[in-house]
>>> print(open('run_11.txt').read())   # compact mmCIF, C-alpha atoms and all ligand atoms
# COMPACT_ATOMS: atom_id res chain seq x y z
CA MET L 471 2.27 -0.89 2.56
CA ILE L 472 2.96 -2.13 -0.95
CA ARG L 473 4.40 0.68 -3.08
CA VAL L 474 2.84 0.62 -6.54
CA ALA L 475 4.00 2.47 -9.65
CA VAL L 476 1.61 2.72 -12.61
CA ALA L 477 2.76 2.88 -16.25
CA GLY L 478 0.13 4.27 -18.61
CA ALA L 479 -1.39 6.23 -15.71
CA ALA L 480 -3.20 8.67 -18.02
CA GLY L 481 -4.88 5.87 -20.00
CA ARG L 482 -8.30 4.28 -19.61
CA MET L 483 -6.99 1.33 -17.56
CA GLY L 484 -4.16 3.26 -15.90
CA ARG L 485 -6.56 5.79 -14.36
CA LEU L 486 -8.67 2.98 -12.92
CA ILE L 487 -5.58 1.31 -11.48
CA VAL L 488 -4.57 4.64 -9.88
CA GLN L 489 -8.09 4.97 -8.44
CA ASN L 490 -8.08 1.44 -6.99
CA VAL L 491 -4.57 1.81 -5.54
CA VAL L 492 -5.45 5.12 -3.86
CA GLU L 493 -8.64 3.65 -2.38
CA ASP L 494 -6.92 0.52 -1.02
CA GLU L 495 -5.38 0.83 2.42
CA GLU L 496 -2.84 -1.95 1.81
CA LEU L 497 -1.46 -0.12 -1.24
CA GLN L 498 0.40 3.15 -1.71
CA LEU L 499 0.55 4.99 -5.02
CA ALA L 500 4.31 5.53 -5.29
CA GLN L 501 4.71 6.77 -8.87
CA ALA L 502 2.79 7.28 -12.10
CA PHE L 503 4.34 7.27 -15.58
CA ASP L 504 2.97 8.18 -19.00
CA ILE L 505 4.03 10.02 -22.14
CA ARG L 506 1.15 12.51 -21.87
CA GLU L 507 -0.49 14.54 -19.10
CA ILE L 508 3.04 14.90 -17.64
CA GLY L 509 3.09 16.92 -14.42
CA ARG L 510 -0.64 16.39 -13.74
CA ASP L 511 -1.62 14.95 -10.35
CA ALA L 512 -2.34 11.26 -11.05
CA GLY L 513 -5.12 11.11 -8.45
CA GLU L 514 -6.91 14.18 -9.79
CA LEU L 515 -6.67 12.76 -13.31
CA ALA L 516 -8.19 9.50 -12.02
CA GLY L 517 -11.00 11.39 -10.28
CA VAL L 518 -9.97 10.49 -6.71
CA GLY L 519 -8.59 13.84 -5.61
CA LYS L 520 -5.09 15.14 -5.00
CA THR L 521 -2.38 12.53 -4.28
CA ASP L 522 0.80 14.57 -4.74
CA VAL L 523 1.96 11.89 -7.16
CA ARG L 524 2.51 13.68 -10.44
CA ILE L 525 2.70 11.95 -13.79
CA THR L 526 6.36 11.50 -14.65
CA ASP L 527 7.57 11.30 -18.25
CA ALA L 528 8.04 7.60 -19.05
CA ALA L 529 11.30 8.53 -20.79
CA GLU L 530 12.71 9.06 -17.28
CA MET L 531 11.60 5.70 -15.91
CA GLU L 532 15.09 4.19 -16.15
CA SER L 533 16.50 6.72 -13.64
CA LYS L 534 13.36 7.34 -11.55
CA LEU L 535 11.50 4.05 -11.07
CA GLU L 536 11.39 3.17 -7.38
CA ALA L 537 8.57 0.91 -6.19
CA ASP L 538 7.76 -2.64 -5.08
CA ILE L 539 5.55 -3.35 -8.08
CA LEU L 540 5.06 -1.75 -11.51
CA VAL L 541 1.60 -2.15 -13.05
CA ASP L 542 1.73 -1.68 -16.84
CA PHE L 543 -1.26 -0.96 -19.08
CA THR L 544 0.40 0.80 -22.03
CA THR L 545 1.20 -0.42 -25.55
CA ALA L 546 3.19 -3.49 -26.60
CA ASN L 547 6.34 -1.54 -27.57
CA ALA L 548 6.23 0.58 -24.42
CA ALA L 549 5.57 -2.38 -22.13
CA VAL L 550 8.60 -4.36 -23.35
CA GLU L 551 10.86 -1.44 -22.45
CA ASN L 552 9.09 -0.84 -19.11
CA ILE L 553 9.43 -4.54 -18.23
CA ARG L 554 13.15 -4.41 -19.04
CA ILE L 555 13.64 -1.41 -16.74
CA ALA L 556 11.56 -2.83 -13.86
CA ALA L 557 13.30 -6.22 -14.05
CA SER L 558 16.74 -4.59 -14.03
CA LYS L 559 15.81 -2.83 -10.78
CA GLY L 560 14.18 -5.84 -9.09
CA VAL L 561 10.72 -4.23 -9.28
CA LYS L 562 7.98 -6.89 -9.55
CA LEU L 563 5.48 -6.63 -12.39
CA VAL L 564 1.77 -6.84 -13.14
CA VAL L 565 1.32 -6.46 -16.91
CA GLY L 566 -2.04 -6.17 -18.63
CA THR L 567 -0.82 -4.77 -21.95
CA THR L 568 -1.68 -6.89 -24.99
CA GLY L 569 -0.60 -7.25 -28.60
CA PHE L 570 2.95 -8.60 -28.13
CA ASN L 571 4.60 -10.26 -31.15
CA GLU L 572 6.75 -13.40 -30.82
CA GLU L 573 10.01 -11.42 -30.60
CA GLN L 574 8.57 -9.21 -27.84
CA LYS L 575 7.30 -12.28 -25.93
CA ARG L 576 10.80 -13.80 -26.08
CA LYS L 577 12.33 -10.59 -24.67
CA ILE L 578 9.74 -10.44 -21.87
CA GLU L 579 10.46 -14.06 -20.90
CA GLU L 580 14.16 -13.24 -20.76
CA TYR L 581 13.66 -10.11 -18.60
CA CYS L 582 11.27 -11.90 -16.23
CA LYS L 583 13.93 -14.44 -15.29
CA ALA L 584 15.02 -11.72 -12.85
CA VAL L 585 11.68 -10.85 -11.16
CA PRO L 586 8.25 -12.35 -10.46
CA ALA L 587 5.61 -11.03 -12.92
CA VAL L 588 1.91 -11.62 -13.41
CA ILE L 589 1.20 -11.17 -17.10
CA SER L 590 -2.32 -11.69 -18.38
CA PRO L 591 -4.19 -10.45 -21.43
CA ASN L 592 -7.30 -10.39 -19.25
CA PHE L 593 -7.39 -9.78 -15.50
CA SER L 594 -11.12 -10.26 -15.02
CA VAL L 595 -12.12 -13.19 -12.81
CA GLY L 596 -14.95 -14.04 -15.20
CA VAL L 597 -12.68 -14.36 -18.23
CA ASN L 598 -10.34 -16.65 -16.36
CA VAL L 599 -13.29 -18.90 -15.55
CA PHE L 600 -14.38 -18.57 -19.24
CA TRP L 601 -10.93 -19.89 -20.29
CA LYS L 602 -11.36 -22.87 -17.93
CA LEU L 603 -14.81 -23.62 -19.40
CA LEU L 604 -13.30 -23.49 -22.90
CA GLU L 605 -10.77 -26.15 -21.97
CA LYS L 606 -13.57 -28.43 -20.73
CA ALA L 607 -15.77 -27.79 -23.80
CA SER L 608 -12.78 -28.46 -26.10
CA GLU L 609 -12.28 -31.85 -24.47
CA LEU L 610 -15.94 -32.79 -24.85
CA LEU L 611 -16.47 -31.29 -28.35
CA SER L 612 -13.04 -31.90 -29.86
CA ASN L 613 -14.45 -32.83 -33.29
CA TYR L 614 -16.68 -29.72 -33.58
CA ASP L 615 -15.67 -26.69 -35.65
CA VAL L 616 -14.44 -23.84 -33.46
CA GLU L 617 -14.88 -20.14 -34.26
CA ILE L 618 -14.17 -17.13 -32.05
CA MET L 619 -15.78 -13.69 -32.18
CA GLU L 620 -14.61 -10.72 -30.14
CA MET L 621 -16.02 -7.19 -29.90
CA HIS L 622 -14.28 -4.09 -28.50
CA HIS L 623 -14.49 -0.29 -28.47
CA ARG L 624 -13.44 1.73 -31.52
CA PHE L 625 -10.14 2.87 -29.91
CA LYS L 626 -8.60 -0.57 -29.37
CA LYS L 627 -5.22 -0.68 -31.10
CA ASP L 628 -4.62 -4.43 -31.54
CA ALA L 629 -6.62 -7.24 -33.11
CA PRO L 630 -7.51 -9.94 -32.45
CA SER L 631 -7.75 -9.25 -28.72
CA GLY L 632 -5.22 -10.84 -26.39
CA THR L 633 -8.13 -12.64 -24.73
CA ALA L 634 -9.23 -14.18 -28.06
CA VAL L 635 -5.65 -15.22 -28.89
CA LYS L 636 -5.30 -16.87 -25.49
CA ALA L 637 -8.68 -18.61 -25.98
CA ALA L 638 -7.45 -20.00 -29.33
CA GLU L 639 -4.18 -21.18 -27.75
CA LEU L 640 -6.01 -22.96 -24.92
CA ILE L 641 -8.38 -24.67 -27.35
CA LYS L 642 -5.44 -25.78 -29.55
CA SER L 643 -3.65 -27.16 -26.49
CA VAL L 644 -6.63 -29.54 -26.06
CA ILE L 645 -7.77 -30.36 -29.63
CA GLY L 646 -4.39 -30.14 -31.40
CA GLU L 647 -2.71 -27.66 -33.73
CA ARG L 648 -5.06 -25.65 -35.98
CA GLU L 649 -4.39 -22.74 -38.30
CA ILE L 650 -5.76 -19.41 -37.01
CA VAL L 651 -7.72 -17.58 -39.73
CA THR L 652 -8.42 -13.93 -38.97
CA GLY L 653 -11.07 -13.27 -41.63
CA ARG L 654 -12.36 -14.94 -44.76
CA SER L 655 -13.12 -13.65 -48.23
CA GLY L 656 -13.04 -15.06 -51.73
CA GLU L 657 -12.44 -18.78 -52.13
CA CYS L 658 -11.95 -20.05 -48.60
CA LEU L 659 -13.42 -23.47 -48.01
CA ARG L 660 -13.19 -24.26 -44.31
CA LYS L 661 -10.22 -26.43 -43.36
CA ASP L 662 -9.04 -27.63 -39.97
CA GLU L 663 -8.80 -24.10 -38.63
CA ILE L 664 -10.07 -21.70 -35.99
CA GLY L 665 -11.61 -18.50 -37.34
CA VAL L 666 -11.09 -15.42 -35.16
CA PHE L 667 -13.16 -12.32 -35.92
CA ALA L 668 -12.69 -8.85 -34.43
CA ILE L 669 -15.58 -6.37 -34.33
CA ARG L 670 -14.74 -2.76 -33.40
CA GLY L 671 -17.11 0.04 -32.49
CA GLY L 672 -18.39 2.54 -29.97
CA ASP L 673 -17.56 1.99 -26.33
CA VAL L 674 -17.83 -1.81 -26.04
CA VAL L 675 -15.59 -2.77 -23.12
CA GLY L 676 -14.99 -6.37 -24.23
CA GLU L 677 -17.05 -9.34 -25.41
CA HIS L 678 -15.92 -12.82 -26.46
CA THR L 679 -17.93 -15.74 -27.80
CA VAL L 680 -16.48 -19.12 -28.71
CA PHE L 681 -18.69 -21.25 -30.97
CA PHE L 682 -18.36 -25.06 -31.01
CA ILE L 683 -20.32 -25.92 -34.14
CA GLY L 684 -21.42 -29.43 -35.07
CA MET L 685 -23.95 -30.87 -37.51
CA GLY L 686 -27.38 -29.63 -36.45
CA GLU L 687 -26.30 -27.89 -33.23
CA ARG L 688 -23.80 -25.56 -31.61
CA VAL L 689 -22.62 -24.56 -28.17
CA GLU L 690 -21.71 -20.93 -27.50
CA ILE L 691 -19.68 -19.79 -24.52
CA THR L 692 -19.77 -16.03 -23.98
CA HIS L 693 -18.11 -13.59 -21.62
CA ARG L 694 -19.21 -9.94 -21.55
CA ALA L 695 -17.44 -7.21 -19.61
CA TRP L 696 -19.35 -3.92 -19.32
CA SER L 697 -17.03 -2.15 -16.89
CA ARG L 698 -13.23 -1.90 -16.95
CA GLN L 699 -13.43 -2.24 -13.16
CA ALA L 700 -13.62 -6.00 -13.82
CA PHE L 701 -10.04 -5.83 -15.15
CA ALA L 702 -8.79 -3.30 -12.61
CA LYS L 703 -10.05 -5.27 -9.58
CA GLY L 704 -8.35 -8.41 -10.93
CA ALA L 705 -5.09 -6.51 -11.49
CA ILE L 706 -5.22 -5.29 -7.88
CA ARG L 707 -5.65 -8.91 -6.72
CA ALA L 708 -2.58 -9.78 -8.80
CA VAL L 709 -0.61 -6.92 -7.16
CA LYS L 710 -1.36 -8.23 -3.66
CA TRP L 711 -0.61 -11.81 -4.69
CA ILE L 712 2.73 -11.08 -6.40
CA ALA L 713 3.82 -8.99 -3.40
CA ASN L 714 4.21 -12.30 -1.51
CA VAL L 715 5.94 -14.20 -4.33
CA SER L 716 9.72 -14.30 -4.37
CA LYS L 717 10.46 -16.84 -7.14
CA PRO L 718 11.13 -15.00 -10.41
CA GLY L 719 9.20 -15.97 -13.55
CA ILE L 720 5.94 -15.35 -15.35
CA TYR L 721 2.67 -16.19 -13.61
CA GLY L 722 -0.91 -15.96 -14.91
CA MET L 723 -4.25 -15.06 -13.35
CA ALA L 724 -4.97 -18.78 -12.97
CA ASP L 725 -2.11 -18.82 -10.42
CA VAL L 726 -3.46 -15.72 -8.67
CA LEU L 727 -6.97 -17.17 -8.47
CA GLY L 728 -5.82 -20.72 -7.71
CA LEU L 729 -7.82 -22.09 -10.67
N1 LIG B 1 -5.23 -7.42 -19.31
C1 LIG B 1 -6.42 -6.83 -19.20
O1 LIG B 1 -7.29 -7.23 -18.40
C2 LIG B 1 -6.71 -5.62 -20.07
C3 LIG B 1 -7.91 -4.91 -19.96
C4 LIG B 1 -8.08 -3.74 -20.72
C5 LIG B 1 -7.07 -3.32 -21.58
N2 LIG B 1 -5.94 -4.07 -21.68
C6 LIG B 1 -4.80 -3.66 -22.51
O2 LIG B 1 -4.10 -2.63 -21.79
C7 LIG B 1 -3.49 -1.74 -22.71
C8 LIG B 1 -3.95 -0.31 -22.42
O3 LIG B 1 -5.34 -0.20 -22.66
P1 LIG B 1 -6.12 1.17 -22.44
O4 LIG B 1 -7.50 0.95 -22.94
O5 LIG B 1 -5.90 1.67 -21.06
O6 LIG B 1 -5.32 2.10 -23.48
P2 LIG B 1 -5.08 3.69 -23.44
O7 LIG B 1 -4.62 4.06 -24.81
O8 LIG B 1 -6.28 4.38 -22.86
O9 LIG B 1 -3.88 3.86 -22.39
C9 LIG B 1 -2.53 3.56 -22.66
C10 LIG B 1 -1.69 4.64 -21.99
O10 LIG B 1 -0.30 4.27 -22.10
C11 LIG B 1 0.42 5.47 -22.33
N3 LIG B 1 1.77 5.17 -22.81
C12 LIG B 1 2.20 5.00 -24.08
N4 LIG B 1 3.53 4.74 -24.09
C13 LIG B 1 3.94 4.74 -22.78
C14 LIG B 1 5.18 4.52 -22.14
N5 LIG B 1 6.31 4.28 -22.83
N6 LIG B 1 5.22 4.52 -20.79
C15 LIG B 1 4.11 4.82 -20.07
N7 LIG B 1 2.90 5.06 -20.62
C16 LIG B 1 2.82 5.00 -21.96
C17 LIG B 1 -0.46 6.26 -23.29
O11 LIG B 1 -0.11 7.63 -23.36
C18 LIG B 1 -1.83 6.03 -22.67
O12 LIG B 1 -2.14 7.01 -21.70
C19 LIG B 1 -3.88 -2.25 -24.11
O13 LIG B 1 -2.84 -3.09 -24.57
C20 LIG B 1 -5.14 -3.06 -23.85
O14 LIG B 1 -5.36 -4.06 -24.81
C21 LIG B 1 -5.74 -5.20 -20.94
>>> encode(input="run_11.txt", output="structure tokens")
Amino acid sequence: MIRVAVAGAAGRMGRLIVQNVVEDEELQLAQAFDIREIGRDAGELAGVGKTDVRITDAAEMESKLEADILVDFTTANAAVENIRIAASKGVKLVVGTTGFNEEQKRKIEEYCKAVPAVISPNFSVGVNVFWKLLEKASELLSNYDVEIMEMHHRFKKDAPSGTAVKAAELIKSVIGEREIVTGRSGECLRKDEIGVFAIRGGDVVGEHTVFFIGMGERVEITHRAWSRQAFAKGAIRAVKWIANVSKPGIYGMADVLGL
């Protein structure tokens, strides 16, 4: 049995991870951490019945974390600290949290020299195929203008989405360096740039469209997620995959899926 601890267990993604871990016979829910709902049964909170794993205050993670793998869906600041703690204890990581700045990314790279970690801004299988398609389209349409639009629920804390940022990075790795412009107003004649636009509202789980726009035509590549289960199922695949990896370092979903 792979012992899984969940950070952010009271959150939208965390509850789904708890649910999927409890329902999977290869996995055991070992611990659940959050800064709210402390003391609540993590399984009951996730709607899968009593598990006897209560939500532990994340402030106590340093002394209490004991698992094979920590799955983190929290906030950027929280995740950096959680990754530090897990790495110092040799606990492997699956991190879905987004919104890291450059300094935080540097710290995470440093910490993950000690343990294997799958870190991905999007765990859905479809989005990972979407990223592959973008690489191909960028090769074939390298002289077209590229714009990215993403749409998420009204509660999302960061913008643009980690998925959109990764899409822009992949496209730049094929067509060359471009400035990222996150909105336009006033005098703003288009230069060699990639525009990234974030729409927020309601309960939209996650939508991304990349436009390759030429003279007289355009190609649009779209991914739409309408259930967070798409992310949770991918994260569970990552948990089972990383359980068999011993070489420390950061891996992506492309490694997990063999893309
Ligand atoms: N990689 C993916 O596939 C994917 C998919 C969906 C969401 N996300 C990202 O996952 C993160 C969480 O998203 P969400 O919609 O579940 O958010 P959410 O706000 O519903 O949940 C976050 C949870 O983390 C908790 N938390 C805050 N600080 C903590 C700490 N120090 N330790 C433990 N828990 C802590 C919060 O109390 C909350 O319950 C966001 O960064 C989001 O962008 C990634």
>>> closest_residue(input="run_11.txt", among="L:Glu495, L:Asp662, L:Asp615, L:Glu530", to="Ile508 of chain L", atoms="all atoms listed in the file")
L:Glu530
>>> closest_residue(input="run_11.txt", among="L:Ala634, L:Ala705, L:Val689, L:Val492", to="Val565 of chain L", atoms="only C-alpha atoms")
L:Ala705
>>> atom_distance(input="run_11.txt", atom1="atom CA of Phe667 of chain L", atom2="atom CA of Gln574 of chain L")
23.4 Å
>>> residues_near_point(input="run_11.txt", point="(-3.9, -18.7, -8.2)", cutoff="12 Å", atoms="only C-alpha atoms", output="ChimeraX atom specification")
/L:588,595,598-599,704,707-708,710-712,715,721-729
>>> residues_around(input="run_11.txt", residues="Gly560 of chain L", least_positions_apart="6", cutoff="10 Å", atoms="all atoms listed in the file", output="list in words")
Glu536, Ala537, Asp538, Ile539, Cys582, Ala584, Val585, Pro586 and Pro718 of chain L
>>> write_last_selection(input="run_11.txt", atoms="C-alpha atoms", output="short mmCIF file (atom, residue, chain, number, x, y, z; two decimals), in the frame of the given file")
data_model
loop_
_atom_site.label_atom_id
_atom_site.label_comp_id
_atom_site.auth_asym_id
_atom_site.auth_seq_id
_atom_site.Cartn_x
_atom_site.Cartn_y
_atom_site.Cartn_z
CA GLU L 536 11.39 3.17 -7.38
CA ALA L 537 8.57 0.91 -6.19
CA ASP L 538 7.76 -2.64 -5.08
CA ILE L 539 5.55 -3.35 -8.08
CA CYS L 582 11.27 -11.90 -16.23
CA ALA L 584 15.02 -11.72 -12.85
CA VAL L 585 11.68 -10.85 -11.16
CA PRO L 586 8.25 -12.35 -10.46
CA PRO L 718 11.13 -15.00 -10.41
#
>>> atom_distance(input="run_11.txt", atom1="atom CA of Ser716 of chain L", atom2="atom CA of Val561 of chain L")
11.2 Å
